[in-house]
Structures are given as structure tokens and as C-alpha cells.
Amino acid sequence: MLTVEHLAKSYGSKQAVVDVSLTVARGEVVGLLGPNGAGKSTTVAMICGLVTPDAGRVLVDGEAIRSDDGPVKRRIGLVPQDISLFEDFGARDNLELFGALYGVRGALLKERVDAALELVGLVDRAKDKPSGYSGGMKRRLNIAAALVHDPDLLVLDEPTVGVDPQSRNAIFDNLEALAARGKAIVYTTHYMEEAERLADRIVIVDDGRLVASDTPAVLMRSLGNTGLVTMEVEGPVDVRTLLAEPGVTRAEQSGDVLTLAIADLGASLPHVLTWLASQGHAIRRIDSSRANLEDVFLTLTGRQLRD
Ligand SMILES: Nc1ncnc2c1ncn2[C@@H]1O[C@H](COP(=O)(O)OP(=O)(O)OP(=O)(O)O)[C@@H](O)[C@H]1O
Ligand SMILES: [Mg+2]
């Protein structure tokens with residue numbers, strides 16, 4: 001449904017996007033994951049024909065996206081990172097307006113608006129204006145606005161920022177249902193848990209460059225047997241020195257809780273425990289779990305996703 005080939009975009013001397021390629025099939029959710037300033041929104045803007053790339057191209061169902069108003073743009077629904085709603089119109093009026101802009105009319109428009117309100121859980125607040133909404137409710141209406149014209153490709157740019165966990169789960173369920181109905185979805189986020197939960201494939205970008213593109217399972221496998229260890233320890237740990245110990249790829253302390261990512265857990269953990277004891281840190285509790293996409297990002301870029 002979507003083919004993105006070697007996109008590049010610079011603003012002055014800043015290379016916002018250097019060489020990003022990706023594909024999304026019908027029914028597939030692709031997560032576009034990267035830290036602040038990675039080039040996610042610029043990529044999204046090029047996919048939707050809002051920004052003209054310096055190089056590369058975007059095909060929707062085989063047809064090239066252009067920045068003028070071609071019919072192919074109607075096949076895309078964009079949920080922009082910055083909420084864009086008509087603050088002084090009620091939620092239903094907003095959705096009717098968005099639908100009408102795409103040429104949806106009459107009974108079909110009413111049906112689609114009802115479905116979109118239902119989807120984001122705003123049926124009860126349909127008459128109210130977004131100016132009286134909470135931030136999370138505005139986000140949800142912003143998502144609904146992208147759905148009224150029933151696009152084949154849905155592009156969401158960090159759609160859940162400020163949304164409470166319950167609504168977020170409802171949104172995820174709905175996106176999964178939309179994918180199951182054959183929509184192609186690009187989901188932009190800097191939350192690795194979201195990408196892990198939703199995405200069939202994950203494209204990781206950093207500093208405008210594509211650093212990985214694969215299924216979550218394959219990306220996780222690239223970590224080998226790296227494990228996450230959470231400990232309750234006494235006293236402030238010298239995490240910088242600990243990071244220099246063999247096998248320790250991540251070390252953070254927050255209060256009593258020390259979180260470590262350790263490559264080759266079996267071989268390296270005994271050494272780490274000995275080191276902690278030698279530094280006089282009593283350990284009250286140890287939990288271990290598998291490493292996550294945060295660690296994949298760290299391994300690939302040497303930096304944390306949120307730093
Ligand atoms: N219109 C613009 N003019 C100048 N620089 C820009 C413009 N848009 C983006 N940039 C720069 O391009 C880089 C990528 O920005 P972009 O908004 O695409 O990142 P992002 O991954 O969406 O980040 P965030 O997670 O903060 O939304 C940044 O360095 C940004 O400052
Ligand atoms: Mg952005």
C-alpha cells in the first residue's frame with residue numbers, strides 16, 4: 001500500500017531526513033520509532049505530500065504522491081503531531097467538516113462520523129467543543145478526524161501523547177481492528193512499548209537515518225541473550241563505573257532501584273553481583289526480564305531513546 005524509497009530532506013544545513021525507505025502492506029502496522037528530532041514528522045510530511053522531498057519518492061498503491069491535490073492524497077488519513085481541530089465547533093461538526101473536505105456527504109457522512117466518534121469514545125461529548133476538552137480528548141478527536149473519509153493508509157504522528165492509559169489501550173485495540181480490516185498503518189512514536197505492542201514491523205530512525213527495519217522478534221533476537229535486571233540496592237551506585245564492567249550495557253539508578261541491561265546474563269551477572277558487594281551495596285531484591293526495544297535502540301546507536 002505504501003512504498004517509501006530513499007527519502008531525503010534538508011532544512012538549510014540541517015539534514016532532517018537522510019535516506020529513509022520503508023514499505024507498508026495492507027493490514028500491516030509499521031512503527032516508525034525514533035527520539036526527538038530523529039526526522040519522524042518530516043518523513044510523515046513527505047509521505048503525506050505536505051513536504052516535497054529533496055530526493056526519493058513515495059508511492060501509495062503504486063501511485064506517486066505529489067504536493068498538489070491529487071486524488072491519491074484522499075487515500076491517506078493523517079493524524080498530525082500537533083492537534084489540528086476547529087476549536088469553536090463541536091466534535092461532531094468538526095468531524096463532518098473533515099469528512100466534507102474529502103467529499104463525503106449525506107447519510108454516509110453521518111454513518112462515518114458516528115463510527116469515528118464511537119471508535120475514540122467521544123459519543124457522549126459529540127456536541128461539545130474541543131476548547132472545553134481535556135488534552136487526551138482532543139487527541140482522540142484528532143484521531144477520529146483522520147478516519148471519516150475512510151482512508152486506505154492511516155499515518156499517525158505520536159497520537160497518544162497525553163492520552164490516559166485506558167483510552168490509549170482503547171485506541172490500540174481500534175488500530176488493530178482497522179489493520180485487521182485491511183488498512184495500512186504507519187504509527188510514529190518515541191515510546192518503544194507502543195511500537196512493541198502494535199507494530200508488525202519496526203523502522204528505527206535516528207538523526208535522520210534509518211538504523212534498523214525489521215519485525216520486533218528479529219530486532220529482539222539481535223540482542224542475543226541480553227537480559228534486563230532490576231535490583232533494590234542500598235546506597236547510591238557509581239553507575240558510570242558499573243557501565244565499564246564487562247557485559248553491562250545499561251545502568252540506571254532511581255532511588256533504591258537499579259536497572260541494568262546485561263549481555264550474556266549467565267556469564268556476567270555473577271561478576272556484577274560481586275562488584276556491587278565489593279562496593280558495599282546490599283541487595284534486597286533481584287528481578288530479571290528480557291531486554292526490550294529500548295535496548296535494541298541503545299545497542300544500535302549507543303544512546304537511549306529518551307535522553
Ligand atoms: N520546517 C523546518 N525548518 C527547519 N528545521 C526543521 C523543520 N522541520 C524539522 N526540522 C528539523 O529537522 C529535524 C527533524 O525534525 P522532525 O520534526 O522530523 O523530528 P521528529 O522525529 O518528528 O521529532 P519529535 O519526536 O520531537 O517530534 C530536527 O532537527 C528539526 O529541528
Ligand atoms: Mg515529530
# chains A, B, ... in the order shown; residues from 1 in each chain; ligands from 1
>>> residues_near_ligand(ligand="ligand 2", cutoff="7 Å", atoms="only C-alpha atoms and all ligand atoms", output="PyMOL selection string")
chain A and resi 36-37+39-41+81+157
>>> write_last_selection(atoms="C-alpha atoms", output="compact mmCIF listing (two decimals), in the first residue's frame")
# COMPACT_ATOMS: atom_id res chain seq x y z
CA ASN A 36 13.10 13.73 19.39
CA GLY A 37 14.45 15.29 16.22
CA GLY A 39 13.13 13.02 11.41
CA LYS A 40 9.87 11.16 12.03
CA SER A 41 7.50 14.08 11.40
CA GLN A 81 1.56 15.52 15.87
CA ASP A 157 2.31 11.01 14.29
>>> residues_near_ligand(ligand="ligand 1", cutoff="10 Å", atoms="only C-alpha atoms and all ligand atoms", output="count of residues only")
38
>>> select_by_dssp(residues="stretch 12-181 of chain A", states="strand (DSSP E or B)", output="ChimeraX atom specification")
/A:14-24,29-33,55-60,63-64,76-79,153-157
>>> residues_around(residues="A:Arg105", least_positions_apart="5", cutoff="12 Å", atoms="only C-alpha atoms", output="mmCIF file with C-alpha atoms, in the first residue's frame")
data_model
loop_
_atom_site.group_PDB
_atom_site.id
_atom_site.type_symbol
_atom_site.label_atom_id
_atom_site.label_comp_id
_atom_site.auth_asym_id
_atom_site.auth_seq_id
_atom_site.Cartn_x
_atom_site.Cartn_y
_atom_site.Cartn_z
ATOM 1 C CA LEU A 95 -15.792 15.514 12.000
ATOM 2 C CA GLU A 96 -18.499 16.483 9.494
ATOM 3 C CA LEU A 97 -16.252 19.279 8.280
ATOM 4 C CA PHE A 98 -13.260 16.975 7.849
ATOM 5 C CA GLY A 99 -15.447 14.460 6.018
ATOM 6 C CA ALA A 100 -16.945 17.144 3.770
ATOM 7 C CA LYS A 110 -23.363 10.700 9.264
ATOM 8 C CA GLU A 111 -22.576 6.991 9.429
ATOM 9 C CA ARG A 112 -18.811 7.579 9.268
ATOM 10 C CA VAL A 113 -18.918 10.382 11.836
ATOM 11 C CA VAL A 148 -14.044 9.991 8.430
ATOM 12 C CA HIS A 149 -13.040 9.733 4.761
#
>>> select_by_dssp(residues="stretch 63-237 of chain A", states="alpha helix (DSSP H)", output="count of residues only")
65
>>> closest_residue(among="A:Ala126, A:Leu119, A:Ala291, A:Leu154", to="A:Asp173", atoms="only C-alpha atoms")
A:Leu119
>>> closest_residue(among="A:Gly255, A:Pro71, A:Gly77, A:Gly227", to="A:Ser289", atoms="only C-alpha atoms")
A:Gly227
>>> residues_around(residues="stretch 141-143 of chain A", least_positions_apart="3", cutoff="9 Å", atoms="only C-alpha atoms", output="VMD selection string")
chain A and resid 78 to 80 83 to 85 91 94 to 95 116 to 117 120 122 130 136 to 138 146 to 147 156 159 171
>>> residues_around(residues="A:Ala8", least_positions_apart="4", cutoff="8 Å", atoms="only C-alpha atoms", output="PyMOL selection string")
chain A and resi 15-20+53-56
>>> residues_around(residues="A:Thr299", least_positions_apart="3", cutoff="8 Å", atoms="only C-alpha atoms", output="list in words")
Leu223, Thr249, Asp295, Val296, Gly302 and Arg303 of chain A
>>> closest_residue(among="A:Arg284, A:Tyr133, A:Phe86, A:Val29", to="A:Ala145", atoms="only C-alpha atoms")
A:Phe86
>>> residues_around(residues="A:Ser67", least_positions_apart="4", cutoff="7 Å", atoms="only C-alpha atoms", output="count of residues only")
4
>>> closest_residue(among="A:Leu2, A:Arg140, A:Pro246, A:Leu210", to="A:Ser167", atoms="only C-alpha atoms")
A:Arg140
>>> closest_residue(among="A:Leu108, A:Cys48, A:Ala282, A:Ile185", to="A:Ile202", atoms="only C-alpha atoms")
A:Ile185
>>> closest_residue(among="A:Arg92, A:Arg139, A:Lys129, A:His271", to="A:Val161", atoms="only C-alpha atoms")
A:Arg139
>>> atom_distance(atom1="atom CA of A:Glu196", atom2="atom CA of A:Val30")
10.4 Å
>>> atom_distance(atom1="atom CA of A:Glu5", atom2="atom CA of A:Asn292")
28.2 Å
>>> decode(residues="stretch 84-187 of chain A", atoms="C-alpha atoms", output="short mmCIF file (atom, residue, chain, number, x, y, z; two decimals), in the first residue's frame")
data_model
loop_
_atom_site.label_atom_id
_atom_site.label_comp_id
_atom_site.auth_asym_id
_atom_site.auth_seq_id
_atom_site.Cartn_x
_atom_site.Cartn_y
_atom_site.Cartn_z
CA SER A 84 -5.45 20.43 14.43
CA LEU A 85 -9.14 20.91 15.14
CA PHE A 86 -11.65 23.71 14.81
CA GLU A 87 -11.78 24.74 18.46
CA ASP A 88 -15.10 26.58 18.18
CA PHE A 89 -17.08 23.83 16.51
CA GLY A 90 -18.48 20.85 18.36
CA ALA A 91 -16.82 17.45 17.95
CA ARG A 92 -19.49 16.19 15.55
CA ASP A 93 -19.32 19.39 13.47
CA ASN A 94 -15.55 19.03 13.36
CA LEU A 95 -15.79 15.51 12.00
CA GLU A 96 -18.50 16.48 9.49
CA LEU A 97 -16.25 19.28 8.28
CA PHE A 98 -13.26 16.98 7.85
CA GLY A 99 -15.45 14.46 6.02
CA ALA A 100 -16.94 17.14 3.77
CA LEU A 101 -13.45 18.42 2.91
CA TYR A 102 -12.82 14.96 1.46
CA GLY A 103 -16.15 14.93 -0.39
CA VAL A 104 -18.08 12.62 1.95
CA ARG A 105 -21.76 13.67 2.11
CA GLY A 106 -25.23 12.80 3.34
CA ALA A 107 -26.08 9.53 5.06
CA LEU A 108 -22.60 8.12 4.51
CA LEU A 109 -21.06 11.14 6.25
CA LYS A 110 -23.36 10.70 9.26
CA GLU A 111 -22.58 6.99 9.43
CA ARG A 112 -18.81 7.58 9.27
CA VAL A 113 -18.92 10.38 11.84
CA ASP A 114 -20.91 8.16 14.22
CA ALA A 115 -18.42 5.33 13.72
CA ALA A 116 -15.42 7.60 14.29
CA LEU A 117 -16.93 9.08 17.49
CA GLU A 118 -17.67 5.59 18.73
CA LEU A 119 -14.15 4.45 17.92
CA VAL A 120 -12.49 7.12 20.03
CA GLY A 121 -15.11 7.01 22.80
CA LEU A 122 -16.49 10.52 22.37
CA VAL A 123 -20.14 9.77 21.58
CA ASP A 124 -21.23 11.37 24.87
CA ARG A 125 -19.26 14.53 24.17
CA ALA A 126 -20.14 14.89 20.49
CA LYS A 127 -21.89 18.24 20.94
CA ASP A 128 -19.09 19.80 23.00
CA LYS A 129 -16.38 21.99 21.55
CA PRO A 130 -12.75 20.85 21.71
CA SER A 131 -11.94 24.13 23.50
CA GLY A 132 -13.66 22.55 26.53
CA TYR A 133 -11.96 19.16 26.10
CA SER A 134 -9.06 17.74 28.06
CA GLY A 135 -5.78 17.24 26.19
CA GLY A 136 -6.40 13.49 25.86
CA MET A 137 -9.91 14.03 24.49
CA LYS A 138 -8.56 16.46 21.89
CA ARG A 139 -6.03 13.81 20.87
CA ARG A 140 -8.80 11.27 20.46
CA LEU A 141 -10.87 13.65 18.33
CA ASN A 142 -7.74 14.40 16.29
CA ILE A 143 -7.54 10.67 15.51
CA ALA A 144 -11.25 10.48 14.61
CA ALA A 145 -10.81 13.37 12.16
CA ALA A 146 -8.38 11.28 10.10
CA LEU A 147 -10.85 8.41 9.74
CA VAL A 148 -14.04 9.99 8.43
CA HIS A 149 -13.04 9.73 4.76
CA ASP A 150 -12.17 6.04 5.28
CA PRO A 151 -8.54 6.18 4.11
CA ASP A 152 -6.66 3.06 2.99
CA LEU A 153 -3.47 4.32 4.60
CA LEU A 154 -3.53 5.80 8.08
CA VAL A 155 -0.49 7.78 9.24
CA LEU A 156 -0.38 8.68 12.93
CA ASP A 157 2.31 11.01 14.29
CA GLU A 158 2.68 10.42 18.06
CA PRO A 159 -1.09 10.20 18.51
CA THR A 160 -1.19 9.16 22.16
CA VAL A 161 0.88 11.88 23.84
CA GLY A 162 -1.13 12.98 26.89
CA VAL A 163 -3.76 10.25 26.49
CA ASP A 164 -4.58 8.27 29.65
CA PRO A 165 -3.65 4.54 29.73
CA GLN A 166 -7.25 3.37 29.42
CA SER A 167 -8.01 5.48 26.34
CA ARG A 168 -4.64 4.57 24.93
CA ASN A 169 -5.47 0.88 25.18
CA ALA A 170 -8.83 1.55 23.51
CA ILE A 171 -7.04 3.39 20.69
CA PHE A 172 -4.60 0.49 20.26
CA ASP A 173 -7.47 -2.02 20.10
CA ASN A 174 -9.14 0.14 17.48
CA LEU A 175 -6.00 0.49 15.39
CA GLU A 176 -5.59 -3.29 15.50
CA ALA A 177 -9.20 -3.66 14.34
CA LEU A 178 -8.58 -1.18 11.50
CA ALA A 179 -5.49 -3.15 10.43
CA ALA A 180 -7.49 -6.38 10.58
CA ARG A 181 -9.93 -4.72 8.16
CA GLY A 182 -7.05 -4.17 5.72
CA LYS A 183 -5.88 -0.63 6.49
CA ALA A 184 -2.17 0.03 6.16
CA ILE A 185 -0.94 1.92 9.22
CA VAL A 186 2.18 3.95 9.92
CA TYR A 187 2.47 4.61 13.64
#
